[in-house]
Amino acid sequence: MQAEIICVGTELLLGDIVNTNAQYISKELAALGIAVYQETVVGDNPARLTRVVNDARERSDLLIFTGGLGPTDDDLTKETVAKAFHETLVEDAEELSRLEAYFAPRGGMPANNRKQALVPSRGSKLPNSCGTAPGIIMEDEGKTAILLPGPPWEMRAMFEQSVRPYLVRAHGGCIVSTMLHEYGMGESSLELQVKDLLAGANPTAALYAKDNEVAVRVTAFGPTTEQASRLRDGLVEQFRQRLGELLYSEEEEGSLEKTVVELLTQKHQRVAAAESCTGGLLCQRITSVPGASQVFDYGAVTYAASAKRRMLGVKPAALKKYTAVSSTVAAQMAFGVRRAGKANWGIGITGYAGPTADEAAGKPAGTVYVALAAEKQVWVRRLQVLRPDRQRVRRQATQLALDLLRRQLLGLSMPECRLFGRHEIEEF
């Protein structure tokens, strides 16, 4: 099945609203093994919307629309799609009664909301548990159109309650999927390593490049859930063998911070963090995970050299000789915050987020040192972020910090890291 997503609304084209609907629907369809070949955003213009609908019908089997189901004159999605799908819209007594009951405490239903009670004579409606506009399904000549409301909370609820079950039934079987999350290898390199595993028709696997990591969606289809799961699990195991230490989660919404908090909790250990160029992002990521208070209670943003000395005990001589952006200072930050936080592990991050840097010392913008300290030793890694901007540098530095801690908690290798004793730190 080839799918297309069409988001309707001039406000999307103006940039007034971020189009999270397309992202959500794309992920949900991928989980069902349905390929999305095109996404389109079109304004509230009947002629342009008509062209988009007719073109989409020619190339795709499944068209999913969001937006344009409201009561105003420029909400034209239902009428336009109905015409393209040779449908007649009729007033639905049940929907009209529901709308009247909804508006009764508000002084009565406005006249223009009555159009929301129109449904296709041959198609079907989808209940809206969070709003006024019902969803719509239309089918014509082997093509299917699913119309969903624009507000994300309404759209998501309708997709989960009605659309997903409909699509599973349409497949005539069961679909299962698993999302594998890896860190440490870019999309191009990973594709070369697993290219043969991406070629199957059932089960299927697809790569999803995310912010400084890559996820792999493995999906299988079968007459029963058990049979589909067996197919999926076989391919998942091949990916486990191939990815090895790079694989950090098999949860749908997996993240490095969630994995690290869970590992620390299992081992009854704690971490403390000292940040300079990342400005507290690492602490924010850790504390965004439920249960983080069991493993984290001390973080410091030591942006200035004076704060590094005062709060973490970084030696003035190290700052003068090596500058604040150095392996020595990162290591001393990690030891200092571990001691101050009375934690098992200390993380220190210092770097040049840009645009300024120390080019003369061979440290361009995007240079970051990440250190992970235990009681008597510290691992330090120099990270060089390509095409640096401040947010990119911050994100990649915290990703690396979390992954180094994950690796130590699991007893894995520490690639590209240098290991020093407390009093044996070298500059590199």
# chains A, B, ... in the order shown; residues from 1 in each chain; ligands from 1
call {"tool": "residues_around", "arguments": {"residues": "stretch 171-179 of chain A", "least_positions_apart": "2", "cutoff": "8 Å", "atoms": "only C-alpha atoms", "output": "MDAnalysis selection string"}}
result
chainID A and resid 31:33 167:169 181 215:225 228:229 232 236 250:252
call {"tool": "write_last_selection", "arguments": {"atoms": "N, CA, C and O atoms", "output": "tab-separated table (two decimals), in the first residue's frame"}}
result
chain	number	residue	atom	x	y	z
A	31	ALA	N	5.10	2.29	11.28
A	31	ALA	CA	4.94	1.20	12.25
A	31	ALA	C	3.99	0.13	11.74
A	31	ALA	O	4.08	-1.04	12.14
A	32	LEU	N	3.10	0.50	10.83
A	32	LEU	CA	2.16	-0.45	10.24
A	32	LEU	C	2.69	-1.05	8.94
A	32	LEU	O	1.98	-1.82	8.28
A	33	GLY	N	3.90	-0.67	8.57
A	33	GLY	CA	4.47	-1.20	7.34
A	33	GLY	C	3.91	-0.55	6.09
A	33	GLY	O	3.99	-1.13	4.99
A	167	LEU	N	-6.81	0.46	9.51
A	167	LEU	CA	-5.72	0.10	8.60
A	167	LEU	C	-5.23	-1.33	8.83
A	167	LEU	O	-4.88	-2.03	7.88
A	168	VAL	N	-5.22	-1.75	10.08
A	168	VAL	CA	-4.83	-3.14	10.37
A	168	VAL	C	-5.83	-4.11	9.74
A	168	VAL	O	-5.46	-5.11	9.12
A	169	ARG	N	-7.13	-3.80	9.88
A	169	ARG	CA	-8.15	-4.66	9.25
A	169	ARG	C	-8.02	-4.67	7.74
A	169	ARG	O	-8.20	-5.70	7.08
A	181	HIS	N	17.14	1.59	18.41
A	181	HIS	CA	17.86	2.87	18.48
A	181	HIS	C	19.35	2.60	18.64
A	181	HIS	O	19.75	1.81	19.51
A	215	ALA	N	17.71	5.38	13.93
A	215	ALA	CA	16.79	4.35	14.40
A	215	ALA	C	16.46	3.42	13.23
A	215	ALA	O	16.51	3.81	12.07
A	216	VAL	N	16.15	2.18	13.56
A	216	VAL	CA	15.77	1.19	12.56
A	216	VAL	C	14.39	0.65	12.91
A	216	VAL	O	14.19	0.13	14.01
A	217	ARG	N	13.46	0.80	12.00
A	217	ARG	CA	12.11	0.27	12.20
A	217	ARG	C	12.02	-1.09	11.52
A	217	ARG	O	12.22	-1.21	10.32
A	218	VAL	N	11.73	-2.14	12.29
A	218	VAL	CA	11.54	-3.49	11.75
A	218	VAL	C	10.06	-3.83	11.85
A	218	VAL	O	9.48	-3.79	12.94
A	219	THR	N	9.45	-4.15	10.72
A	219	THR	CA	8.01	-4.39	10.66
A	219	THR	C	7.74	-5.71	9.96
A	219	THR	O	8.40	-6.05	8.97
A	220	ALA	N	6.76	-6.45	10.47
A	220	ALA	CA	6.39	-7.73	9.85
A	220	ALA	C	4.87	-7.85	9.79
A	220	ALA	O	4.15	-7.33	10.65
A	221	PHE	N	4.41	-8.55	8.76
A	221	PHE	CA	2.99	-8.78	8.54
A	221	PHE	C	2.73	-10.28	8.51
A	221	PHE	O	3.50	-11.05	7.93
A	222	GLY	N	1.62	-10.71	9.15
A	222	GLY	CA	1.29	-12.13	9.15
A	222	GLY	C	-0.18	-12.34	9.43
A	222	GLY	O	-0.87	-11.42	9.89
A	223	PRO	N	-0.67	-13.54	9.17
A	223	PRO	CA	-2.09	-13.82	9.42
A	223	PRO	C	-2.48	-13.75	10.89
A	223	PRO	O	-3.62	-13.49	11.22
A	224	THR	N	-1.51	-13.99	11.78
A	224	THR	CA	-1.76	-13.85	13.21
A	224	THR	C	-0.63	-13.03	13.84
A	224	THR	O	0.46	-12.91	13.27
A	225	THR	N	-0.89	-12.51	15.03
A	225	THR	CA	0.13	-11.75	15.74
A	225	THR	C	1.35	-12.61	16.03
A	225	THR	O	2.50	-12.16	15.91
A	228	ALA	N	3.38	-13.05	12.79
A	228	ALA	CA	4.04	-11.80	12.45
A	228	ALA	C	5.20	-11.52	13.40
A	228	ALA	O	6.27	-11.06	12.98
A	229	SER	N	5.01	-11.81	14.69
A	229	SER	CA	6.06	-11.57	15.68
A	229	SER	C	7.27	-12.45	15.43
A	229	SER	O	8.41	-12.01	15.61
A	232	ARG	N	9.22	-10.85	12.61
A	232	ARG	CA	9.90	-9.65	13.09
A	232	ARG	C	11.08	-9.99	13.97
A	232	ARG	O	12.18	-9.45	13.80
A	236	VAL	N	14.99	-8.78	13.84
A	236	VAL	CA	15.50	-7.98	14.96
A	236	VAL	C	16.78	-8.60	15.51
A	236	VAL	O	17.75	-7.89	15.81
A	250	GLU	N	15.34	-0.74	22.50
A	250	GLU	CA	14.36	-1.32	21.57
A	250	GLU	C	12.96	-0.84	21.91
A	250	GLU	O	11.98	-1.45	21.50
A	251	GLU	N	12.86	0.24	22.65
A	251	GLU	CA	11.57	0.82	22.98
A	251	GLU	C	11.15	1.80	21.90
A	251	GLU	O	11.98	2.44	21.27
A	252	GLU	N	9.84	1.92	21.69
A	252	GLU	CA	9.32	2.79	20.64
A	252	GLU	C	9.84	4.21	20.80
A	252	GLU	O	10.29	4.84	19.84
call {"tool": "residues_around", "arguments": {"residues": "A:Gly280", "least_positions_apart": "4", "cutoff": "7 Å", "atoms": "only C-alpha atoms", "output": "PyMOL selection string"}}
result
chain A and resi 275+284+301
call {"tool": "write_last_selection", "arguments": {"atoms": "N, CA, C and O atoms", "output": "short mmCIF file (atom, residue, chain, number, x, y, z; two decimals), in the first residue's frame"}}
result
data_model
loop_
_atom_site.label_atom_id
_atom_site.label_comp_id
_atom_site.auth_asym_id
_atom_site.auth_seq_id
_atom_site.Cartn_x
_atom_site.Cartn_y
_atom_site.Cartn_z
N GLU A 275 28.50 21.26 33.57
CA GLU A 275 28.41 21.66 32.17
C GLU A 275 28.91 23.08 31.97
O GLU A 275 28.65 23.95 32.79
N GLN A 284 19.02 18.75 32.04
CA GLN A 284 17.62 18.81 31.62
C GLN A 284 17.19 17.48 31.03
O GLN A 284 16.08 17.00 31.32
N VAL A 301 26.07 24.30 36.29
CA VAL A 301 26.42 24.98 35.05
C VAL A 301 27.51 25.97 35.40
O VAL A 301 27.25 27.02 36.00
#
call {"tool": "residues_around", "arguments": {"residues": "stretch 125-130 of chain A", "least_positions_apart": "4", "cutoff": "12 Å", "atoms": "only C-alpha atoms", "output": "ChimeraX atom specification"}}
result
/A:69,78,89-92,94-95,98-99,102,116-121,134-138,145-166
call {"tool": "residues_around", "arguments": {"residues": "A:Arg387", "least_positions_apart": "3", "cutoff": "12 Å", "atoms": "only C-alpha atoms", "output": "PDB file with N, CA, C and O atoms, in the first residue's frame"}}
result
ATOM      1  N   ALA A 353      31.080  26.171  21.605  1.00  0.00           N
ATOM      2  CA  ALA A 353      29.853  25.977  20.837  1.00  0.00           C
ATOM      3  C   ALA A 353      29.809  26.883  19.617  1.00  0.00           C
ATOM      4  O   ALA A 353      28.991  26.682  18.720  1.00  0.00           O
ATOM      5  N   GLY A 354      30.689  27.886  19.559  1.00  0.00           N
ATOM      6  CA  GLY A 354      30.746  28.775  18.409  1.00  0.00           C
ATOM      7  C   GLY A 354      29.948  30.047  18.631  1.00  0.00           C
ATOM      8  O   GLY A 354      29.150  30.147  19.561  1.00  0.00           O
ATOM      9  N   PRO A 355      30.172  31.062  17.794  1.00  0.00           N
ATOM     10  CA  PRO A 355      31.071  31.017  16.629  1.00  0.00           C
ATOM     11  C   PRO A 355      32.536  31.245  16.965  1.00  0.00           C
ATOM     12  O   PRO A 355      33.410  30.936  16.166  1.00  0.00           O
ATOM     13  N   PRO A 364      38.974  24.545  16.845  1.00  0.00           N
ATOM     14  CA  PRO A 364      37.962  25.354  16.157  1.00  0.00           C
ATOM     15  C   PRO A 364      36.607  25.253  16.829  1.00  0.00           C
ATOM     16  O   PRO A 364      36.400  24.445  17.745  1.00  0.00           O
ATOM     17  N   ALA A 365      35.669  26.069  16.380  1.00  0.00           N
ATOM     18  CA  ALA A 365      34.298  25.969  16.885  1.00  0.00           C
ATOM     19  C   ALA A 365      33.797  24.548  16.685  1.00  0.00           C
ATOM     20  O   ALA A 365      34.041  23.920  15.658  1.00  0.00           O
ATOM     21  N   GLY A 366      33.092  24.040  17.681  1.00  0.00           N
ATOM     22  CA  GLY A 366      32.617  22.658  17.630  1.00  0.00           C
ATOM     23  C   GLY A 366      33.515  21.693  18.376  1.00  0.00           C
ATOM     24  O   GLY A 366      33.216  20.505  18.460  1.00  0.00           O
ATOM     25  N   THR A 367      34.635  22.198  18.942  1.00  0.00           N
ATOM     26  CA  THR A 367      35.518  21.355  19.752  1.00  0.00           C
ATOM     27  C   THR A 367      34.939  21.216  21.154  1.00  0.00           C
ATOM     28  O   THR A 367      34.656  22.213  21.820  1.00  0.00           O
ATOM     29  N   GLN A 384      34.658  16.575  17.828  1.00  0.00           N
ATOM     30  CA  GLN A 384      34.697  17.678  16.876  1.00  0.00           C
ATOM     31  C   GLN A 384      33.414  17.655  16.071  1.00  0.00           C
ATOM     32  O   GLN A 384      33.198  16.762  15.254  1.00  0.00           O
ATOM     33  N   ARG A 390      25.345  26.359  17.614  1.00  0.00           N
ATOM     34  CA  ARG A 390      25.336  26.177  19.067  1.00  0.00           C
ATOM     35  C   ARG A 390      24.431  25.029  19.510  1.00  0.00           C
ATOM     36  O   ARG A 390      24.790  24.224  20.357  1.00  0.00           O
ATOM     37  N   GLN A 391      23.242  24.938  18.918  1.00  0.00           N
ATOM     38  CA  GLN A 391      22.329  23.890  19.331  1.00  0.00           C
ATOM     39  C   GLN A 391      22.847  22.509  18.928  1.00  0.00           C
ATOM     40  O   GLN A 391      22.725  21.531  19.680  1.00  0.00           O
ATOM     41  N   ARG A 392      23.444  22.418  17.741  1.00  0.00           N
ATOM     42  CA  ARG A 392      23.990  21.145  17.272  1.00  0.00           C
ATOM     43  C   ARG A 392      25.130  20.673  18.173  1.00  0.00           C
ATOM     44  O   ARG A 392      25.222  19.495  18.524  1.00  0.00           O
ATOM     45  N   VAL A 393      26.013  21.604  18.541  1.00  0.00           N
ATOM     46  CA  VAL A 393      27.129  21.255  19.417  1.00  0.00           C
ATOM     47  C   VAL A 393      26.612  20.781  20.773  1.00  0.00           C
ATOM     48  O   VAL A 393      27.066  19.757  21.311  1.00  0.00           O
ATOM     49  N   GLN A 396      24.995  17.207  20.445  1.00  0.00           N
ATOM     50  CA  GLN A 396      25.938  16.112  20.213  1.00  0.00           C
ATOM     51  C   GLN A 396      26.813  15.864  21.435  1.00  0.00           C
ATOM     52  O   GLN A 396      27.147  14.713  21.744  1.00  0.00           O
TER      53      GLN A 396
END
call {"tool": "atom_distance", "arguments": {"atom1": "atom CA of A:Met414", "atom2": "atom CA of A:Gly279"}}
result
24.7 Å
